[in-house]
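Peer 1: File query-v4.tsv follows (TSV, C-alpha atoms):
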```tsv
chain	number	residue	atom	x	y	z
A	568	MET	CA	21.55	-67.91	-65.05
A	569	LEU	CA	22.85	-64.78	-66.75
A	570	CYS	CA	23.61	-63.96	-70.36
A	571	VAL	CA	25.63	-60.96	-71.53
A	572	ARG	CA	24.52	-60.55	-75.14
A	573	ASN	CA	26.10	-59.01	-78.23
A	574	GLY	CA	29.10	-57.41	-76.53
A	575	TRP	CA	32.57	-56.92	-77.94
A	576	ILE	CA	34.48	-59.60	-76.05
A	577	HIS	CA	38.08	-58.95	-74.98
A	578	ASP	CA	39.10	-62.26	-73.40
A	579	ALA	CA	42.71	-61.20	-72.52
A	580	VAL	CA	44.05	-64.39	-74.11
A	581	CYS	CA	43.52	-63.72	-77.83
A	582	GLU	CA	44.28	-60.28	-79.20
A	583	GLU	CA	41.39	-60.57	-81.65
A	584	VAL	CA	38.12	-59.05	-80.43
A	585	CYS	CA	34.87	-60.76	-81.33
A	586	GLN	CA	31.21	-59.95	-80.86
A	587	GLY	CA	29.17	-62.52	-79.00
A	588	ASP	CA	27.41	-63.76	-75.87
A	589	ILE	CA	28.67	-64.95	-72.51
A	590	LEU	CA	26.49	-67.39	-70.59
A	591	VAL	CA	26.94	-67.57	-66.82
A	592	GLU	CA	25.68	-70.31	-64.50
A	593	ASN	CA	26.38	-70.76	-60.78
A	594	GLY	CA	28.98	-68.01	-60.81
A	595	LYS	CA	31.04	-69.57	-63.63
A	596	ILE	CA	31.34	-68.89	-67.35
A	597	LYS	CA	29.41	-71.73	-69.00
A	598	ALA	CA	29.67	-70.77	-72.66
A	599	ILE	CA	31.03	-68.07	-74.98
A	600	GLY	CA	29.82	-67.74	-78.56
A	601	GLU	CA	27.35	-66.20	-80.96
A	602	HIS	CA	23.58	-66.53	-80.60
A	603	LEU	CA	23.75	-68.88	-77.62
A	604	ASP	CA	20.56	-70.82	-76.89
A	605	MET	CA	18.85	-69.55	-73.78
A	606	LYS	CA	16.52	-71.20	-71.28
A	607	GLU	CA	13.50	-69.32	-70.04
A	608	GLY	CA	14.12	-67.09	-67.07
A	609	VAL	CA	17.72	-66.24	-67.96
A	610	GLN	CA	18.70	-62.71	-66.95
A	611	ILE	CA	19.72	-60.82	-70.09
A	612	VAL	CA	22.24	-57.97	-70.10
A	613	ASP	CA	22.22	-56.22	-73.45
A	614	ALA	CA	25.84	-55.31	-74.21
A	615	LYS	CA	25.34	-54.26	-77.82
A	616	GLY	CA	27.89	-51.57	-78.64
A	617	LEU	CA	29.66	-52.18	-75.31
A	618	HIS	CA	32.94	-53.90	-74.44
A	619	VAL	CA	33.26	-56.90	-72.13
A	620	TYR	CA	36.50	-57.56	-70.26
A	621	PRO	CA	37.65	-59.95	-67.56
A	622	GLY	CA	37.62	-58.43	-64.09
A	623	PHE	CA	40.87	-56.58	-63.47
A	624	VAL	CA	43.36	-58.23	-61.11
A	625	GLU	CA	45.88	-56.60	-58.76
A	626	ALA	CA	49.07	-58.64	-58.35
A	627	HIS	CA	50.45	-56.81	-55.33
A	628	GLY	CA	48.94	-54.40	-52.83
A	629	HIS	CA	47.80	-53.96	-49.25
A	630	ILE	CA	44.11	-53.19	-49.67
A	631	GLY	CA	42.11	-54.14	-46.60
A	632	LEU	CA	45.17	-54.03	-44.35
A	633	ASP	CA	45.76	-50.33	-44.94
A	634	GLY	CA	42.47	-48.86	-46.06
A	635	TYR	CA	40.45	-45.79	-46.79
A	636	GLY	CA	40.40	-43.04	-44.15
A	637	ILE	CA	41.61	-45.22	-41.28
A	638	GLY	CA	44.69	-43.26	-40.23
A	639	TYR	CA	47.78	-44.61	-38.52
A	640	GLU	CA	45.85	-46.39	-35.79
A	641	GLY	CA	44.01	-48.52	-38.35
A	642	MET	CA	47.07	-49.66	-40.31
A	643	ASP	CA	47.66	-53.40	-40.00
A	644	TYR	CA	50.08	-54.16	-42.79
A	645	ASN	CA	53.42	-54.08	-40.91
A	646	GLU	CA	54.49	-55.58	-37.58
A	647	LEU	CA	57.03	-53.06	-36.29
A	648	ASN	CA	58.35	-54.98	-33.28
A	649	ASP	CA	60.13	-57.79	-35.11
A	650	ILE	CA	62.11	-57.62	-38.34
A	651	VAL	CA	61.35	-61.27	-39.22
A	652	THR	CA	57.66	-62.30	-39.13
A	653	PRO	CA	57.02	-65.04	-41.72
A	654	HIS	CA	54.35	-66.58	-39.46
A	655	LEU	CA	51.95	-63.66	-39.99
A	656	ARG	CA	49.07	-64.19	-42.43
A	657	GLY	CA	47.60	-61.35	-44.46
A	658	ILE	CA	44.11	-62.83	-44.19
A	659	ASP	CA	44.12	-62.05	-40.46
A	660	GLY	CA	44.45	-58.31	-41.07
A	661	VAL	CA	41.92	-57.77	-43.90
A	662	LYS	CA	38.96	-55.48	-43.17
A	663	PRO	CA	36.36	-56.70	-45.69
A	664	MET	CA	34.04	-53.72	-45.24
A	665	ASP	CA	36.78	-51.16	-45.94
A	666	ALA	CA	35.35	-48.63	-48.41
A	667	ALA	CA	38.36	-49.21	-50.66
A	668	PHE	CA	36.90	-52.56	-51.73
A	669	SER	CA	33.68	-51.00	-52.95
A	670	SER	CA	35.57	-48.35	-54.92
A	671	ALA	CA	37.76	-51.02	-56.48
A	672	ALA	CA	34.81	-53.21	-57.48
A	673	LYS	CA	32.91	-50.34	-59.07
A	674	ALA	CA	35.97	-49.58	-61.19
A	675	GLY	CA	36.17	-53.18	-62.38
A	676	VAL	CA	38.96	-54.43	-60.10
A	677	THR	CA	37.42	-57.71	-59.01
A	678	CYS	CA	40.32	-59.67	-57.51
A	679	VAL	CA	43.35	-58.53	-55.49
A	680	CYS	CA	46.46	-60.10	-54.01
A	681	THR	CA	46.98	-58.40	-50.66
A	682	GLY	CA	49.16	-58.86	-47.62
A	683	PRO	CA	51.89	-57.47	-45.36
A	684	GLY	CA	53.99	-54.47	-46.27
A	685	SER	CA	57.72	-54.06	-46.68
A	686	ALA	CA	59.01	-52.89	-43.31
A	687	ASN	CA	60.15	-56.41	-42.43
A	688	VAL	CA	62.76	-58.59	-44.10
A	689	LEU	CA	60.12	-61.31	-43.93
A	690	GLY	CA	56.58	-59.99	-43.49
A	691	GLY	CA	54.20	-62.95	-43.82
A	692	THR	CA	51.89	-64.45	-46.42
A	693	PHE	CA	49.63	-62.86	-49.03
A	694	VAL	CA	46.06	-63.86	-49.86
A	695	THR	CA	44.03	-63.38	-53.04
A	696	ILE	CA	40.45	-62.26	-52.52
A	697	LYS	CA	37.50	-60.91	-54.46
A	698	THR	CA	36.59	-57.26	-53.84
A	699	ALA	CA	33.01	-57.97	-52.77
A	700	GLY	CA	31.95	-59.57	-49.51
A	701	ARG	CA	31.42	-59.05	-45.80
A	702	ARG	CA	33.49	-61.94	-44.40
A	703	VAL	CA	37.02	-62.49	-45.65
A	704	GLU	CA	36.77	-66.29	-45.73
A	705	ASP	CA	33.95	-65.97	-48.26
A	706	MET	CA	36.07	-63.68	-50.47
A	707	VAL	CA	39.17	-65.90	-50.68
A	708	VAL	CA	40.28	-67.24	-54.05
A	709	LYS	CA	43.52	-68.68	-52.63
A	710	ASP	CA	45.26	-68.18	-49.29
A	711	ASN	CA	49.00	-68.29	-48.60
A	712	VAL	CA	49.86	-67.53	-52.21
A	713	ALA	CA	53.30	-66.07	-51.47
A	714	MET	CA	55.72	-65.18	-48.66
A	715	LYS	CA	56.58	-61.49	-48.55
A	716	CYS	CA	60.21	-60.49	-48.22
A	717	ALA	CA	61.74	-57.05	-48.67
A	718	PHE	CA	65.02	-55.56	-49.83
A	719	GLY	CA	66.27	-52.00	-50.14
A	720	GLU	CA	65.45	-48.94	-48.10
A	721	ASN	CA	62.31	-49.92	-46.20
A	722	PRO	CA	63.79	-52.49	-43.77
A	723	LYS	CA	66.83	-50.24	-43.33
A	724	ARG	CA	64.65	-47.22	-42.56
A	725	VAL	CA	62.34	-48.95	-40.09
A	726	TYR	CA	65.01	-50.93	-38.25
A	727	ARG	CA	68.04	-48.64	-38.63
A	728	GLU	CA	68.26	-47.94	-34.88
A	729	LYS	CA	67.58	-51.56	-33.94
A	730	LYS	CA	69.38	-54.12	-36.08
A	731	ASP	CA	69.42	-53.37	-39.83
A	732	SER	CA	71.26	-50.42	-41.34
A	733	CYS	CA	72.60	-51.77	-44.64
A	734	ARG	CA	71.60	-53.95	-47.56
A	735	MET	CA	74.07	-56.66	-46.52
A	736	SER	CA	72.36	-57.19	-43.18
A	737	THR	CA	68.92	-57.35	-44.85
A	738	ALA	CA	70.18	-60.15	-47.11
A	739	ALA	CA	71.84	-61.88	-44.16
A	740	PHE	CA	68.60	-61.93	-42.16
A	741	LEU	CA	66.80	-63.61	-45.04
A	742	ARG	CA	69.58	-66.12	-45.65
A	743	GLU	CA	69.71	-67.05	-41.96
A	744	MET	CA	65.97	-67.80	-41.89
A	745	LEU	CA	66.16	-69.90	-45.03
A	746	PHE	CA	69.19	-71.84	-43.70
A	747	ARG	CA	67.43	-72.44	-40.38
A	748	THR	CA	64.23	-73.53	-42.10
A	749	ARG	CA	66.03	-76.02	-44.31
A	750	GLU	CA	67.79	-77.54	-41.29
A	751	TYR	CA	64.56	-77.57	-39.24
A	752	MET	CA	62.68	-79.30	-42.07
A	753	GLU	CA	65.42	-81.92	-42.49
A	754	LYS	CA	65.38	-82.71	-38.77
A	755	LYS	CA	61.60	-83.06	-38.82
A	756	GLU	CA	61.74	-85.41	-41.77
A	757	ALA	CA	64.56	-87.48	-40.23
A	758	ALA	CA	62.60	-87.83	-36.97
A	759	GLY	CA	59.58	-89.24	-38.77
A	760	ASP	CA	56.85	-90.07	-36.26
A	761	ASP	CA	59.20	-90.08	-33.27
A	762	LEU	CA	58.06	-87.06	-31.21
A	763	PHE	CA	61.15	-87.24	-29.00
A	764	LYS	CA	63.50	-86.75	-31.95
A	765	LYS	CA	61.61	-83.89	-33.57
A	766	PRO	CA	63.01	-80.37	-33.17
A	767	ALA	CA	61.18	-77.97	-30.86
A	768	PHE	CA	58.23	-76.39	-32.64
A	769	ASP	CA	59.07	-73.05	-34.28
A	770	MET	CA	56.13	-71.20	-35.83
A	771	LYS	CA	58.33	-68.94	-37.97
A	772	LEU	CA	60.21	-71.85	-39.49
A	773	GLU	CA	57.00	-73.83	-40.00
A	774	ALA	CA	55.66	-70.92	-42.05
A	775	LEU	CA	58.76	-70.98	-44.28
A	776	ILE	CA	58.76	-74.74	-45.01
A	777	PRO	CA	56.45	-74.30	-48.07
A	778	VAL	CA	58.99	-71.81	-49.46
A	779	ILE	CA	61.90	-74.23	-49.03
A	780	LYS	CA	59.81	-77.02	-50.60
A	781	GLY	CA	59.01	-74.86	-53.63
A	782	GLU	CA	55.30	-74.84	-52.86
A	783	MET	CA	55.13	-71.08	-52.21
A	784	PRO	CA	57.22	-68.34	-53.86
A	785	LEU	CA	59.04	-65.54	-52.12
A	786	LYS	CA	57.32	-62.27	-53.02
A	787	ALA	CA	60.29	-59.92	-53.13
A	788	HIS	CA	59.90	-56.17	-52.68
A	789	ALA	CA	62.76	-54.78	-54.79
A	790	HIS	CA	62.94	-51.38	-56.51
A	791	ALA	CA	66.62	-50.87	-57.33
A	792	ALA	CA	68.62	-52.99	-59.76
A	793	GLU	CA	71.04	-54.15	-57.04
A	794	ASP	CA	68.13	-55.31	-54.86
A	795	ILE	CA	66.52	-57.14	-57.77
A	796	PHE	CA	69.75	-59.03	-58.38
A	797	THR	CA	70.22	-59.83	-54.68
A	798	ALA	CA	66.69	-61.25	-54.52
A	799	LEU	CA	67.37	-63.44	-57.57
A	800	ARG	CA	70.76	-64.51	-56.20
A	801	ILE	CA	69.28	-65.68	-52.89
A	802	ALA	CA	66.45	-67.50	-54.67
A	803	ARG	CA	69.05	-69.39	-56.71
A	804	GLU	CA	71.15	-70.19	-53.65
A	805	PHE	CA	68.22	-71.92	-51.96
A	806	ASP	CA	66.49	-73.16	-55.12
A	807	VAL	CA	63.23	-71.44	-54.22
A	808	LYS	CA	60.59	-69.81	-56.39
A	809	ILE	CA	60.35	-66.02	-56.51
A	810	THR	CA	58.30	-63.17	-57.93
A	811	LEU	CA	59.60	-59.61	-58.09
A	812	GLU	CA	57.45	-56.71	-56.89
A	813	HIS	CA	57.91	-53.03	-57.91
A	814	VAL	CA	60.91	-53.52	-60.27
A	815	THR	CA	61.29	-49.75	-60.53
A	816	GLU	CA	64.65	-49.93	-62.30
A	817	GLY	CA	63.58	-52.83	-64.51
A	818	HIS	CA	63.97	-50.78	-67.70
A	819	LEU	CA	67.66	-50.39	-66.89
A	820	ILE	CA	68.23	-54.17	-66.80
A	821	VAL	CA	65.73	-55.44	-69.37
A	822	GLU	CA	68.05	-58.00	-70.98
A	823	GLU	CA	68.96	-59.53	-67.62
A	824	LEU	CA	65.35	-59.81	-66.45
A	825	ALA	CA	64.30	-61.34	-69.76
A	826	LYS	CA	66.81	-64.15	-69.13
A	827	GLU	CA	65.53	-64.79	-65.59
A	828	ASN	CA	61.96	-65.73	-66.59
A	829	VAL	CA	60.34	-64.73	-63.28
A	830	PRO	CA	57.02	-62.88	-62.88
A	831	LEU	CA	57.40	-59.10	-62.56
A	832	ALA	CA	54.93	-56.71	-60.91
A	833	VAL	CA	55.74	-53.12	-61.91
A	834	GLY	CA	54.66	-50.08	-59.91
A	835	PRO	CA	53.40	-48.01	-58.22
A	836	THR	CA	54.34	-45.41	-60.80
A	837	LEU	CA	51.60	-42.81	-60.31
A	838	THR	CA	53.53	-41.31	-57.38
A	839	SER	CA	56.37	-38.93	-56.73
A	840	ALA	CA	59.92	-40.20	-56.30
A	841	SER	CA	59.63	-40.12	-52.52
A	842	LYS	CA	62.88	-41.97	-51.83
A	843	TYR	CA	66.26	-42.52	-53.44
A	844	GLU	CA	65.50	-45.94	-54.94
A	845	LEU	CA	62.58	-44.44	-56.93
A	846	ARG	CA	64.62	-41.79	-58.71
A	847	ASN	CA	64.64	-43.76	-61.98
A	848	LYS	CA	60.97	-44.72	-62.06
A	849	SER	CA	59.30	-44.42	-65.45
A	850	TRP	CA	56.04	-45.28	-67.20
A	851	THR	CA	58.16	-46.88	-69.93
A	852	THR	CA	59.20	-49.73	-67.59
A	853	PRO	CA	56.26	-52.15	-68.05
A	854	GLY	CA	56.25	-51.70	-71.83
A	855	ALA	CA	60.00	-52.23	-72.17
A	856	LEU	CA	59.87	-55.42	-70.09
A	857	ALA	CA	56.80	-56.78	-71.88
A	858	ALA	CA	58.38	-56.13	-75.28
A	859	ALA	CA	61.38	-58.19	-74.17
A	860	GLY	CA	59.12	-61.15	-73.42
A	861	CYS	CA	58.81	-60.77	-69.65
A	862	GLN	CA	55.58	-61.62	-67.80
A	863	VAL	CA	54.57	-58.15	-66.59
A	864	SER	CA	51.81	-57.10	-64.23
A	865	ILE	CA	51.01	-53.45	-63.55
A	866	ILE	CA	50.29	-52.69	-59.89
A	867	THR	CA	48.97	-49.88	-57.74
A	868	ASP	CA	50.51	-51.14	-54.48
A	869	SER	CA	47.15	-50.03	-53.06
A	870	PRO	CA	46.63	-47.78	-51.18
A	871	VAL	CA	49.82	-46.10	-52.40
A	872	ILE	CA	47.72	-45.56	-55.52
A	873	PRO	CA	43.99	-46.06	-54.84
A	874	GLN	CA	42.98	-49.48	-56.09
A	875	GLU	CA	40.35	-48.14	-58.49
A	876	TYR	CA	43.08	-46.48	-60.58
A	877	LEU	CA	44.60	-49.77	-61.75
A	878	PRO	CA	43.09	-49.38	-65.29
A	879	LEU	CA	44.35	-45.78	-65.40
A	880	CYS	CA	47.87	-47.00	-64.62
A	881	ALA	CA	47.62	-49.38	-67.57
A	882	GLY	CA	46.49	-46.48	-69.74
A	883	LEU	CA	49.47	-44.38	-68.72
A	884	ALA	CA	51.78	-47.27	-69.61
A	885	VAL	CA	50.14	-47.40	-73.06
A	886	GLN	CA	50.63	-43.66	-73.44
A	887	ALA	CA	54.33	-44.24	-72.71
A	888	GLY	CA	54.60	-46.82	-75.48
A	889	MET	CA	53.32	-50.13	-74.09
A	890	ASP	CA	51.34	-52.28	-76.49
A	891	SER	CA	47.65	-51.98	-75.57
A	892	PHE	CA	47.02	-55.74	-75.55
A	893	ALA	CA	50.10	-56.27	-73.38
A	894	ALA	CA	48.69	-53.62	-71.03
A	895	LEU	CA	45.36	-55.46	-70.88
A	896	GLN	CA	47.16	-58.68	-70.01
A	897	ALA	CA	49.17	-56.76	-67.38
A	898	VAL	CA	45.99	-56.08	-65.39
A	899	THR	CA	44.17	-59.36	-66.08
A	900	ILE	CA	45.77	-62.71	-66.94
A	901	ASN	CA	49.36	-61.84	-65.99
A	902	PRO	CA	48.57	-60.82	-62.39
A	903	ALA	CA	46.40	-63.94	-62.14
A	904	ARG	CA	49.40	-66.02	-63.19
A	905	HIS	CA	51.65	-64.01	-60.89
A	906	ALA	CA	49.43	-64.93	-57.92
A	907	GLY	CA	48.89	-68.54	-59.01
A	908	ILE	CA	45.14	-68.16	-59.60
A	909	ALA	CA	44.94	-68.13	-63.41
A	910	ASP	CA	42.75	-71.23	-63.27
A	911	ARG	CA	40.03	-69.05	-61.69
A	912	VAL	CA	40.38	-65.46	-62.90
A	913	GLY	CA	42.17	-63.16	-65.35
A	914	SER	CA	40.52	-64.08	-68.64
A	915	LEU	CA	37.14	-64.79	-70.19
A	916	GLU	CA	37.21	-68.55	-70.67
A	917	VAL	CA	34.70	-71.33	-70.10
A	918	GLY	CA	34.94	-72.71	-66.57
A	919	LYS	CA	36.45	-69.61	-65.00
A	920	ASP	CA	34.79	-67.35	-62.44
A	921	ALA	CA	32.24	-65.00	-64.00
A	922	ASP	CA	34.08	-61.79	-63.15
A	923	LEU	CA	33.08	-59.40	-65.94
A	924	VAL	CA	33.56	-55.69	-66.60
A	925	ILE	CA	31.33	-54.03	-69.21
A	926	THR	CA	32.36	-50.60	-70.46
A	927	ASP	CA	31.39	-48.12	-73.17
A	928	GLY	CA	34.95	-47.90	-74.47
A	929	CYS	CA	38.57	-48.72	-73.70
A	930	PRO	CA	38.90	-48.97	-69.90
A	931	PHE	CA	42.32	-47.31	-70.03
A	932	GLU	CA	40.82	-43.99	-71.17
A	933	VAL	CA	39.54	-41.60	-68.51
A	934	SER	CA	36.42	-40.76	-70.50
A	935	THR	CA	35.27	-44.40	-70.53
A	936	LYS	CA	32.42	-45.34	-68.21
A	937	VAL	CA	32.03	-48.68	-66.45
A	938	LYS	CA	28.44	-49.81	-67.08
A	939	HIS	CA	28.33	-53.14	-65.24
A	940	VAL	CA	30.62	-55.19	-63.00
A	941	PHE	CA	29.93	-58.81	-62.11
A	942	ILE	CA	31.81	-60.81	-59.48
A	943	ASP	CA	31.07	-64.54	-59.48
A	944	GLY	CA	28.11	-63.79	-61.74
A	945	LYS	CA	26.54	-61.27	-59.35
A	946	GLU	CA	26.30	-57.60	-60.28
A	947	VAL	CA	28.09	-55.32	-57.87
```
I need this file expressed as structure tokens, please.
Peer 2:
Amino acid sequence: MLCVRNGWIHDAVCEEVCQGDILVENGKIKAIGEHLDMKEGVQIVDAKGLHVYPGFVEAHGHIGLDGYGIGYEGMDYNELNDIVTPHLRGIDGVKPMDAAFSSAAKAGVTCVCTGPGSANVLGGTFVTIKTAGRRVEDMVVKDNVAMKCAFGENPKRVYREKKDSCRMSTAAFLREMLFRTREYMEKKEAAGDDLFKKPAFDMKLEALIPVIKGEMPLKAHAHAAEDIFTALRIAREFDVKITLEHVTEGHLIVEELAKENVPLAVGPTLTSASKYELRNKSWTTPGALAAAGCQVSIITDSPVIPQEYLPLCAGLAVQAGMDSFAALQAVTINPARHAGIADRVGSLEVGKDADLVITDGCPFEVSTKVKHVFIDGKEV
């Protein structure tokens, strides 16, 4: 057992900060309160004068598939021979011993949602994992959390000379796969147990059935306002769930996004405007959307921004006007909700994983030092 004593507890659920203890048993938070009774042999971490936060959570990145110092030959986050690859699984490309994981963990980023990139109209499924471990299966919080799809310039750029040179064709590719999946699923269901009536097995369509059933959201890469609206339009057409990733021009359409009530992952913003659809990017975006009532997560899109700078990105959003508690939620409970794992991580609550970050000040300030990081109750 472990007890973090006398720290200032920021649980990411209540804005009020309280001083108290956190008791950890078997990797889970067992109790939170003042002057908790302790058994003999409990490991004590004295957090007096320090601040205790939930482990930070990344809602969207590619850590482990495109890692630290691996070069082009080590990149595994895009399949460049097929524009439609929903049958790929991010878990199969993760390199658990990539140095990027260690850097992330030491900075307090304890859980990440990672998977395929945005070269393909459909790229495959994302997985949420802890940032400590040697074997990916042992790091998994939840697999197949979302199906990556992409709009805008990336599919056009990668496949311009092959089959996709405009936004209309990108949308058409996605619609075709969703139509085919719906028909394939209906034929399977109508056939029942009769093998001779079932349609020929199609691995791509099998992978998309959970999307059509509403069991798995589309995870839509969309920077520009027109791409955001196309993603939402297609989701409505097929009555499927969706989350929006990047949302670079979100501050230009705040009122519309507030009405949509879908999770938004904003970033990466700590970059140059390297392409046309980034020309309007701004640190004011997450704050404007949060103030309008949207569920906002701040993202690094790691390794576009190194994963360990997730708290810094939240700090820069605060500097641009975002409420500081909203910024805390944007790197803790909101990304956990975004990835469908809020029952495990994202806040300091009894029963959740004991992912704790202990600092000597606000983690969004560059002068603040991380003193301790625990993942599943183990110090990393």
Peer 1: Padding 5 Å on every side, please: axis-aligned box over the listed atoms of stretch 679-696 of chain A, centre and edge lengths to one decimal in Å, as AutoDock Vina command-line options.
Peer 2:
```
--center_x 51.6 --center_y -58.7 --center_z -49.0 --size_x 32.3 --size_y 21.6 --size_z 23.1
```
Peer 1: Can you check which parts of stretch 686-728 of chain A lie within 9 Å of stretch 642-661 of chain A? Per residue, the shortest pair of atoms and distance in Å to one decimal, counting all atoms listed in the file, sorted by chain and number, as a tab-separated table.
Peer 2:
```
residue	atom	partner	partner_atom	distance
A:Ala686	CA	A:Asn645	CA	6.2
A:Asn687	CA	A:Ile650	CA	4.7
A:Val688	CA	A:Val651	CA	5.7
A:Leu689	CA	A:Val651	CA	4.9
A:Gly690	CA	A:Thr652	CA	5.1
A:Gly691	CA	A:Pro653	CA	4.1
A:Thr692	CA	A:Arg656	CA	4.9
A:Phe693	CA	A:Gly657	CA	5.2
A:Val694	CA	A:Ile658	CA	6.1
A:Thr695	CA	A:Ile658	CA	8.9
A:Val703	CA	A:Val661	CA	7.0
A:Glu704	CA	A:Ile658	CA	8.3
A:Val707	CA	A:Ile658	CA	8.7
A:Asp710	CA	A:Ile658	CA	7.5
A:Asn711	CA	A:Arg656	CA	7.4
A:Met714	CA	A:Pro653	CA	7.1
A:Lys715	CA	A:Pro653	CA	7.7
A:Cys716	CA	A:Pro653	CA	8.6
A:Pro722	CA	A:Ile650	CA	7.7
A:Val725	CA	A:Leu647	CA	7.7
A:Tyr726	CA	A:Ile650	CA	7.3
```
Peer 1: Would you be able to write out as a PDB file with C-alpha atoms, keeping the file's coordinate frame which residues have an atom within 9 Å of (46.1, -58.9, -50.7) in the file's coordinates, counting only C-alpha atoms?
Peer 2:
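point_26.pdb was written with the following content:
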```
ATOM      1  CA  GLU A 625      45.880 -56.600 -58.760  1.00  0.00           C
ATOM      2  CA  ALA A 626      49.070 -58.640 -58.350  1.00  0.00           C
ATOM      3  CA  HIS A 627      50.450 -56.810 -55.330  1.00  0.00           C
ATOM      4  CA  GLY A 628      48.940 -54.400 -52.830  1.00  0.00           C
ATOM      5  CA  HIS A 629      47.800 -53.960 -49.250  1.00  0.00           C
ATOM      6  CA  ILE A 630      44.110 -53.190 -49.670  1.00  0.00           C
ATOM      7  CA  GLY A 631      42.110 -54.140 -46.600  1.00  0.00           C
ATOM      8  CA  LEU A 632      45.170 -54.030 -44.350  1.00  0.00           C
ATOM      9  CA  GLY A 657      47.600 -61.350 -44.460  1.00  0.00           C
ATOM     10  CA  ILE A 658      44.110 -62.830 -44.190  1.00  0.00           C
ATOM     11  CA  VAL A 661      41.920 -57.770 -43.900  1.00  0.00           C
ATOM     12  CA  CYS A 678      40.320 -59.670 -57.510  1.00  0.00           C
ATOM     13  CA  VAL A 679      43.350 -58.530 -55.490  1.00  0.00           C
ATOM     14  CA  CYS A 680      46.460 -60.100 -54.010  1.00  0.00           C
ATOM     15  CA  THR A 681      46.980 -58.400 -50.660  1.00  0.00           C
ATOM     16  CA  GLY A 682      49.160 -58.860 -47.620  1.00  0.00           C
ATOM     17  CA  PRO A 683      51.890 -57.470 -45.360  1.00  0.00           C
ATOM     18  CA  PHE A 693      49.630 -62.860 -49.030  1.00  0.00           C
ATOM     19  CA  VAL A 694      46.060 -63.860 -49.860  1.00  0.00           C
ATOM     20  CA  THR A 695      44.030 -63.380 -53.040  1.00  0.00           C
ATOM     21  CA  ILE A 696      40.450 -62.260 -52.520  1.00  0.00           C
TER      22      ILE A 696
END
```
Peer 1: Quick one: everything within 12 Å of A:Arg803, counting all atoms listed in the file, minus sequence neighbours fewer than 5 positions away in the same chain. Send it as a list in words.
Peer 2: Arg742, Ile779, Gly781, Leu785, Phe796, Thr797, Ala798, Lys808, Ile809, Glu827 and Val829 of chain A
Peer 1: Skipping near chain neighbours, those fewer than 2 positions away, what residues fall within 9 Å of stretch 769-772 of chain A using all atoms listed in the file, listed as a ChimeraX atom specification?
Peer 2: /A:651-655,744-745,747-749,751-752,766-767,774-776
Peer 1: For A:Val917, work out the shell of residues within 8 Å, counting all atoms listed in the file and skipping chain neighbours fewer than 6 positions away, then give it as an MDAnalysis selection string.
Peer 2: chainID A and resid 595:599
Peer 1: Record the distance separating atom CA of A:His602 and atom CA of A:Asp588, expressed in Å with one decimal.
Peer 2: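 Computing the Euclidean distance for atom CA of A:His602 and atom CA of A:Asp588 yields 6.7 Å.
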Peer 1: For atom CA of A:Pro784 and atom CA of A:Ala713, determine how far apart the two atoms are, in Å to one decimal place.
Peer 2: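 Going from atom CA of A:Pro784 over to atom CA of A:Ala713, I get 5.1 Å.
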